[in-house]
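Asker: Dropping in target-v2.cif, which is mmCIF, C-alpha atoms and all ligand atoms:
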```cif
data_data
loop_
_atom_site.label_atom_id
_atom_site.label_comp_id
_atom_site.auth_asym_id
_atom_site.auth_seq_id
_atom_site.Cartn_x
_atom_site.Cartn_y
_atom_site.Cartn_z
CA MET A 1 77.84 76.56 73.98
CA ASN A 2 79.49 76.44 77.39
CA ARG A 3 80.64 79.92 78.32
CA ALA A 4 83.71 80.14 80.57
CA VAL A 5 82.94 81.95 83.80
CA HIS A 6 85.64 84.51 84.47
CA GLN A 7 87.17 83.86 87.90
CA PRO A 8 89.54 86.31 89.56
CA SER A 9 93.01 84.81 89.20
CA ASN A 10 95.26 84.01 92.17
CA THR A 11 98.13 83.38 89.82
CA VAL A 12 101.25 85.53 89.70
CA ALA A 13 103.72 85.22 86.83
CA LEU A 14 107.36 85.40 87.86
CA ALA A 15 110.27 85.74 85.44
CA LEU A 16 113.86 85.22 86.49
CA THR A 17 116.06 86.93 83.91
CA GLY A 18 119.82 87.19 83.59
CA ALA A 19 120.61 90.05 85.97
CA SER A 20 122.59 89.57 89.13
CA GLY A 21 120.46 88.96 92.23
CA MET A 22 119.00 85.47 91.82
CA GLN A 23 118.48 85.32 95.57
CA TYR A 24 115.76 87.96 95.26
CA GLY A 25 113.85 85.90 92.69
CA LEU A 26 114.17 82.61 94.56
CA ARG A 27 113.15 84.12 97.89
CA LEU A 28 110.16 85.77 96.21
CA LEU A 29 109.15 82.42 94.69
CA GLN A 30 109.39 80.78 98.13
CA CYS A 31 107.24 83.48 99.78
CA LEU A 32 104.59 83.42 97.04
CA LEU A 33 104.22 79.63 97.22
CA ALA A 34 104.19 79.65 101.02
CA ALA A 35 101.39 82.24 100.95
CA GLY A 36 99.28 79.98 98.71
CA THR A 37 99.82 81.91 95.47
CA ASP A 38 99.91 79.87 92.26
CA VAL A 39 103.00 80.75 90.26
CA TYR A 40 103.72 80.62 86.53
CA LEU A 41 107.51 80.70 86.35
CA MET A 42 109.78 81.60 83.43
CA VAL A 43 113.56 81.28 83.66
CA SER A 44 115.59 82.77 80.81
CA LYS A 45 118.69 81.06 79.45
CA ALA A 46 120.85 83.83 80.90
CA ALA A 47 119.10 83.45 84.28
CA ARG A 48 120.16 79.80 84.33
CA ALA A 49 123.75 80.92 83.76
CA VAL A 50 123.53 83.46 86.61
CA LEU A 51 121.92 80.85 88.91
CA ALA A 52 124.92 78.60 88.26
CA TRP A 53 127.38 81.47 88.74
CA GLU A 54 125.88 83.03 91.87
CA LEU A 55 124.42 80.05 93.69
CA ASP A 56 126.04 76.97 92.12
CA MET A 57 122.53 75.97 91.12
CA GLN A 58 122.06 73.71 88.09
CA LEU A 59 118.36 74.01 87.34
CA PRO A 60 117.11 70.85 85.55
CA GLY A 61 116.13 71.43 81.92
CA GLY A 62 112.57 70.06 81.76
CA GLY A 63 109.65 72.06 83.19
CA ARG A 64 108.39 69.33 85.57
CA ALA A 65 111.89 68.41 86.79
CA ALA A 66 112.74 72.08 87.34
CA ALA A 67 109.45 72.64 89.21
CA ASP A 68 110.08 69.62 91.48
CA PHE A 69 113.63 70.84 92.15
CA LEU A 70 112.45 74.36 93.08
CA LEU A 71 109.49 73.11 95.15
CA GLN A 72 111.88 71.00 97.18
CA ARG A 73 114.21 73.98 97.64
CA CYS A 74 111.33 76.25 98.69
CA GLY A 75 110.05 73.88 101.40
CA THR A 76 106.43 74.60 102.37
CA ALA A 77 104.37 75.36 99.29
CA ARG A 78 100.64 75.98 99.56
CA GLY A 79 100.47 77.33 96.01
CA SER A 80 101.19 75.46 92.77
CA LEU A 81 104.15 75.96 90.44
CA GLN A 82 104.19 75.65 86.67
CA ILE A 83 107.26 76.42 84.58
CA PHE A 84 107.12 77.58 80.97
CA ALA A 85 109.89 77.62 78.37
CA ALA A 86 111.08 80.71 76.49
CA GLU A 87 109.20 79.82 73.30
CA GLU A 88 106.19 78.04 74.75
CA TRP A 89 103.70 80.21 72.88
CA THR A 90 100.76 78.00 73.87
CA ALA A 91 101.30 78.89 77.56
CA PRO A 92 98.32 80.64 79.22
CA LEU A 93 100.66 83.58 79.86
CA ALA A 94 100.79 84.34 76.14
CA SER A 95 97.10 85.17 75.91
CA GLY A 96 94.97 87.93 77.36
CA SER A 97 92.13 85.43 77.94
CA SER A 98 93.93 83.72 80.82
CA VAL A 99 96.14 86.48 82.10
CA PRO A 100 97.56 86.22 85.66
CA ARG A 101 96.67 88.96 88.11
CA ALA A 102 100.25 90.27 88.19
CA MET A 103 103.70 89.67 86.80
CA VAL A 104 107.07 90.26 88.44
CA VAL A 105 110.39 90.23 86.62
CA CYS A 106 112.94 89.64 89.38
CA PRO A 107 115.76 90.12 88.83
CA CYS A 108 115.16 92.07 85.61
CA SER A 109 118.03 92.38 83.12
CA MET A 110 118.38 95.50 81.02
CA GLY A 111 117.90 93.30 77.95
CA THR A 112 114.49 92.09 79.13
CA LEU A 113 113.55 95.58 80.35
CA SER A 114 114.19 97.01 76.89
CA ALA A 115 112.33 94.15 75.16
CA ILE A 116 109.28 94.84 77.36
CA ALA A 117 109.52 98.62 76.87
CA VAL A 118 109.43 98.31 73.08
CA GLY A 119 106.82 95.53 73.10
CA SER A 120 109.04 93.10 71.19
CA SER A 121 107.31 89.91 72.42
CA GLU A 122 110.49 88.15 71.27
CA ASN A 123 110.24 85.45 73.93
CA LEU A 124 107.60 84.33 76.45
CA VAL A 125 108.80 86.75 79.15
CA ALA A 126 108.44 89.76 76.84
CA ARG A 127 105.12 88.46 75.44
CA ALA A 128 103.69 87.77 78.92
CA ALA A 129 104.64 91.29 80.01
CA ASP A 130 103.11 92.70 76.82
CA VAL A 131 99.86 90.89 77.67
CA ILE A 132 99.95 92.15 81.26
CA ILE A 133 100.36 95.74 80.02
CA LYS A 134 97.61 95.53 77.40
CA GLU A 135 95.23 93.88 79.89
CA ARG A 136 96.12 96.55 82.43
CA ARG A 137 97.28 94.15 85.15
CA GLN A 138 100.10 94.79 87.57
CA LEU A 139 103.67 94.62 86.24
CA ILE A 140 106.56 94.90 88.70
CA LEU A 141 110.11 95.09 87.38
CA VAL A 142 113.11 94.63 89.66
CA PRO A 143 116.05 95.92 87.61
CA ARG A 144 119.65 95.40 88.74
CA GLU A 145 122.26 97.45 87.01
CA THR A 146 124.55 100.32 87.88
CA PRO A 147 125.13 102.91 86.61
CA PHE A 148 122.00 103.26 84.48
CA SER A 149 122.51 104.62 80.97
CA ALA A 150 120.08 107.05 79.36
CA ILE A 151 118.74 104.07 77.37
CA HIS A 152 117.91 102.20 80.58
CA LEU A 153 116.36 105.30 82.13
CA ARG A 154 114.24 106.04 79.05
CA HIS A 155 112.91 102.49 79.00
CA MET A 156 112.13 102.67 82.71
CA THR A 157 110.30 105.97 82.21
CA THR A 158 108.25 104.48 79.37
CA LEU A 159 107.27 101.53 81.57
CA ALA A 160 106.52 103.68 84.62
CA GLU A 161 104.28 105.88 82.46
CA LEU A 162 102.41 102.74 81.41
CA GLY A 163 101.73 102.02 85.09
CA SER A 164 104.47 99.46 85.75
CA VAL A 165 106.24 99.56 89.09
CA ILE A 166 110.00 99.98 88.80
CA LEU A 167 111.10 98.46 92.09
CA ALA A 168 114.85 98.58 91.71
CA ALA A 169 117.01 96.18 93.68
CA CYS A 170 118.28 99.00 95.91
CA PRO A 171 118.15 97.65 99.46
CA GLY A 172 118.12 100.09 102.36
CA PHE A 173 120.40 99.66 105.35
CA TYR A 174 118.54 101.65 108.00
CA HIS A 175 117.19 98.39 109.45
CA ARG A 176 120.80 97.33 110.09
CA PRO A 177 120.85 94.03 108.21
CA ARG A 178 123.13 91.41 109.69
CA THR A 179 122.97 88.79 106.96
CA VAL A 180 122.65 88.66 103.19
CA GLU A 181 119.18 87.20 103.80
CA ASP A 182 118.19 90.39 105.67
CA VAL A 183 119.28 92.46 102.67
CA VAL A 184 117.38 90.21 100.25
CA ASP A 185 114.24 90.28 102.40
CA PHE A 186 114.23 94.10 102.38
CA ILE A 187 113.52 94.03 98.64
CA VAL A 188 111.30 90.94 98.59
CA ALA A 189 109.08 92.39 101.34
CA ARG A 190 108.46 95.50 99.20
CA ILE A 191 107.52 93.34 96.21
CA LEU A 192 105.09 91.27 98.32
CA ASP A 193 103.56 94.50 99.67
CA HIS A 194 102.89 95.68 96.11
CA LEU A 195 101.36 92.32 95.26
CA GLN A 196 99.26 92.50 98.46
CA VAL A 197 100.53 89.06 99.46
CA PRO A 198 100.66 88.74 103.27
CA HIS A 199 104.11 88.09 104.71
CA GLU A 200 106.15 88.50 107.84
CA ILE A 201 109.56 89.11 106.35
CA GLY A 202 111.68 92.23 106.39
CA MET A 203 111.23 94.94 108.94
CA ARG A 204 108.94 97.96 108.72
CA TRP A 205 110.10 101.39 109.76
CA GLY A 206 107.72 101.56 112.74
CA GLN A 207 109.04 98.22 114.06
CA ILE A 208 112.57 99.49 114.46
CA ASP A 209 113.55 100.77 117.86
CA GLN A 210 114.86 104.13 116.76
CA THR A 211 116.59 104.84 120.08
CA HIS A 212 118.63 101.67 120.29
CA ASN A 213 118.32 100.56 116.69
CA ARG A 214 117.02 97.16 117.72
CA SER A 215 113.90 95.38 116.58
CA GLU A 216 111.01 95.07 119.07
CA GLY A 217 111.56 92.32 121.64
CA GLU A 218 115.31 92.17 121.01
CA GLN A 219 117.55 92.32 124.10
C1 LIG A 301 127.01 86.51 86.13
C2 LIG A 301 126.24 87.47 85.26
C3 LIG A 301 125.72 88.61 85.82
C4 LIG A 301 124.98 89.52 85.05
N1 LIG A 301 124.45 90.63 85.66
C5 LIG A 301 123.66 91.46 84.95
C6 LIG A 301 123.00 92.53 85.63
O1 LIG A 301 123.12 92.73 86.83
N2 LIG A 301 122.17 93.31 84.89
C7 LIG A 301 121.97 93.10 83.54
O2 LIG A 301 121.19 93.84 82.95
N3 LIG A 301 122.60 92.09 82.88
C8 LIG A 301 123.43 91.27 83.55
N4 LIG A 301 124.06 90.22 82.90
C9 LIG A 301 123.95 90.12 81.44
C10 LIG A 301 122.63 89.45 80.99
O3 LIG A 301 122.56 88.14 81.50
C11 LIG A 301 122.57 89.43 79.44
O4 LIG A 301 122.40 90.74 78.96
C12 LIG A 301 121.45 88.54 78.91
O5 LIG A 301 121.40 88.68 77.50
C13 LIG A 301 120.09 88.88 79.47
O6 LIG A 301 119.18 87.97 78.88
P1 LIG A 301 117.69 87.82 79.44
O7 LIG A 301 117.14 89.18 79.58
O8 LIG A 301 116.98 87.03 78.35
O9 LIG A 301 117.74 87.05 80.68
C14 LIG A 301 124.80 89.29 83.65
C15 LIG A 301 125.33 88.12 83.09
C16 LIG A 301 126.06 87.24 83.87
C17 LIG A 301 126.60 85.97 83.25
#
```
What does the file become when written as structure tokens?
Ligand SMILES: Cc1cc2nc3c(=O)[nH]c(=O)nc-3n(C[C@H](O)[C@H](O)[C@H](O)COP(=O)(O)O)c2cc1C
Answerer:
Amino acid sequence: MNRAVHQPSNTVALALTGASGMQYGLRLLQCLLAAGTDVYLMVSKAARAVLAWELDMQLPGGGRAAADFLLQRCGTARGSLQIFAAEEWTAPLASGSSVPRAMVVCPCSMGTLSAIAVGSSENLVARAADVIIKERRQLILVPRETPFSAIHLRHMTTLAELGSVILAACPGFYHRPRTVEDVVDFIVARILDHLQVPHEIGMRWGQIDQTHNRSEGEQ
């Protein structure tokens, strides 16, 4: 019998769910692919609605067509992109034997957050996160809601206690962002840091000229 040799995975699973903040998810996808990371992407039905609402983006229905559309939008892609449907239970993501090294839900709706916290596995996003938790890989959730109810906070506490990173979409403003892209990159840079994916986006505290509030090299 041929035994499979276990290779460390360079694959990151990314789920776009139906919270506001699609720009975070799309920018993260672009940075991951540009850095040579292979991405397994899931896009919930509600995420498609928010993509249309926030960015006028009509994502094609089929996996290959949607992947081609997003690859074109991302520009340079050194990594590969595979898209899986909500009930594609045969996807590698659904099994602990081919688990990606990390999973990010960005943006993360409160609905998906609660499904993950209770282990419902009701769709592929919740199942993939369940697998990530049981296999003790990295799970990063980027919730976007305000105010948080006690239900949201309890679910976040449960997930944080399980080792997940709750990286809320709460951009700082001390770097004096000038564009929406600057605000988006503040959050995406923190996610990439947690994933240990090299990047040159966003601005670190030490890079900010604290006397004149300008970045290094700026006139
Ligand atoms: C334009 C729009 C914005 C939304 N923003 C949020 C949000 O910021 N946070 C949230 O938890 N739900 C938000 N929702 C509601 C979710 O999309 C809804 O609860 C959905 O069932 C989530 O499904 P999913 O988790 O499978 O993606 C929004 C819906 C729409 C249409």
Asker: Using all atoms listed in the file, which residues have at least one atom no more than 8 Å from ligand LIG 301 (chain A)? Output them as a ChimeraX atom specification.
Answerer: /A:16-21,43-47,49-50,53-54,108-113,143-146
Asker: For Ile201 (chain A), work out the shell of residues within 9 Å, counting only C-alpha atoms and skipping chain neighbours fewer than 6 positions away, then give it as number ranges by chain.
Answerer: A: 31, 182, 185-186, 188-189
Asker: Would you list the residues near (112.1, 73.2, 89.2), meaning any protein, DNA or RNA residue with an atom at most 12 Å from that point in file coordinates, counting all atoms listed in the file, as a PyMOL selection string?
Answerer: chain A and resi 26+29+39-43+48+57-74+80-85
Asker: Using all atoms listed in the file, which of A:Ala91, A:Val12, A:Met22, A:Leu159 sits nearest Ile116 (chain A)?
Answerer: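 Of A:Ala91, A:Val12, A:Met22, A:Leu159, the one nearest Ile116 (chain A) is A:Leu159, counting all atoms listed in the file.
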Asker: Give as a list in words the set of residues within 9 Å of the point (104.1, 82.0, 98.8), where distances use the file's coordinates and all atoms listed in the file.
Answerer: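 With a cut-off of 9 Å, the residues come to Leu28, Leu29, Gln30, Cys31, Leu32, Leu33, Ala34, Ala35, Gly36, Thr37, Asp38, Val39, Thr76, Ala77, Arg78, Gly79, Val197, Pro198 and His199 of chain A.
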Asker: How far is it from CA of Ala102 (chain A) to CA of Leu162 (chain A), in Å with one decimal?
Answerer: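 It comes out at 14.4 Å.
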Asker: Would you mind telling me which residue in A:His155, A:Arg136, A:His175, A:His194 lies nearest to Val104 (chain A) when using all atoms listed in the file?
Answerer: A:His194
Asker: May I have the residues within 8 Å of Leu139 (chain A) as number ranges by chain, using all atoms listed in the file and disregarding those fewer than 4 positions away in the same chain?
Answerer: A: 102-104, 129, 132-133, 163-165
Asker: Could you tell me how far CA of Val180 (chain A) sits from CA of Leu141 (chain A), in Å to one decimal place?
Answerer: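 The value is 21.2 Å.
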Asker: Using Å and a single decimal, report how far CA of Thr11 (chain A) sits from CA of Ala115 (chain A).
Answerer: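 CA of Thr11 (chain A) lies at a distance of 23.1 Å from CA of Ala115 (chain A).
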Asker: Could you give me, as a list of chain:residue names, the residues within 10 Å of Arg127 (chain A), counting only C-alpha atoms and dropping anything in the same chain fewer than 4 positions from it?
Answerer: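 Within the cut-off, the hits are A:Ala86, A:Glu87, A:Trp89, A:Leu93, A:Ala94, A:Ser95, A:Ala115, A:Ile116, A:Gly119, A:Ser120, A:Ser121, A:Glu122, A:Asn123, A:Val131, A:Ile132, A:Ile133.
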Asker: Please define a box with edges along x, y and z of the file around all atoms of region 134-153 of chain A given in the file, extend it by 8 Å on each side, and return its centre and edge lengths in Å to one decimal, as JSON.
Answerer:
```
{"center_x": 110.2, "center_y": 100.5, "center_z": 83.5, "size_x": 45.9, "size_y": 29.2, "size_z": 28.3}
```
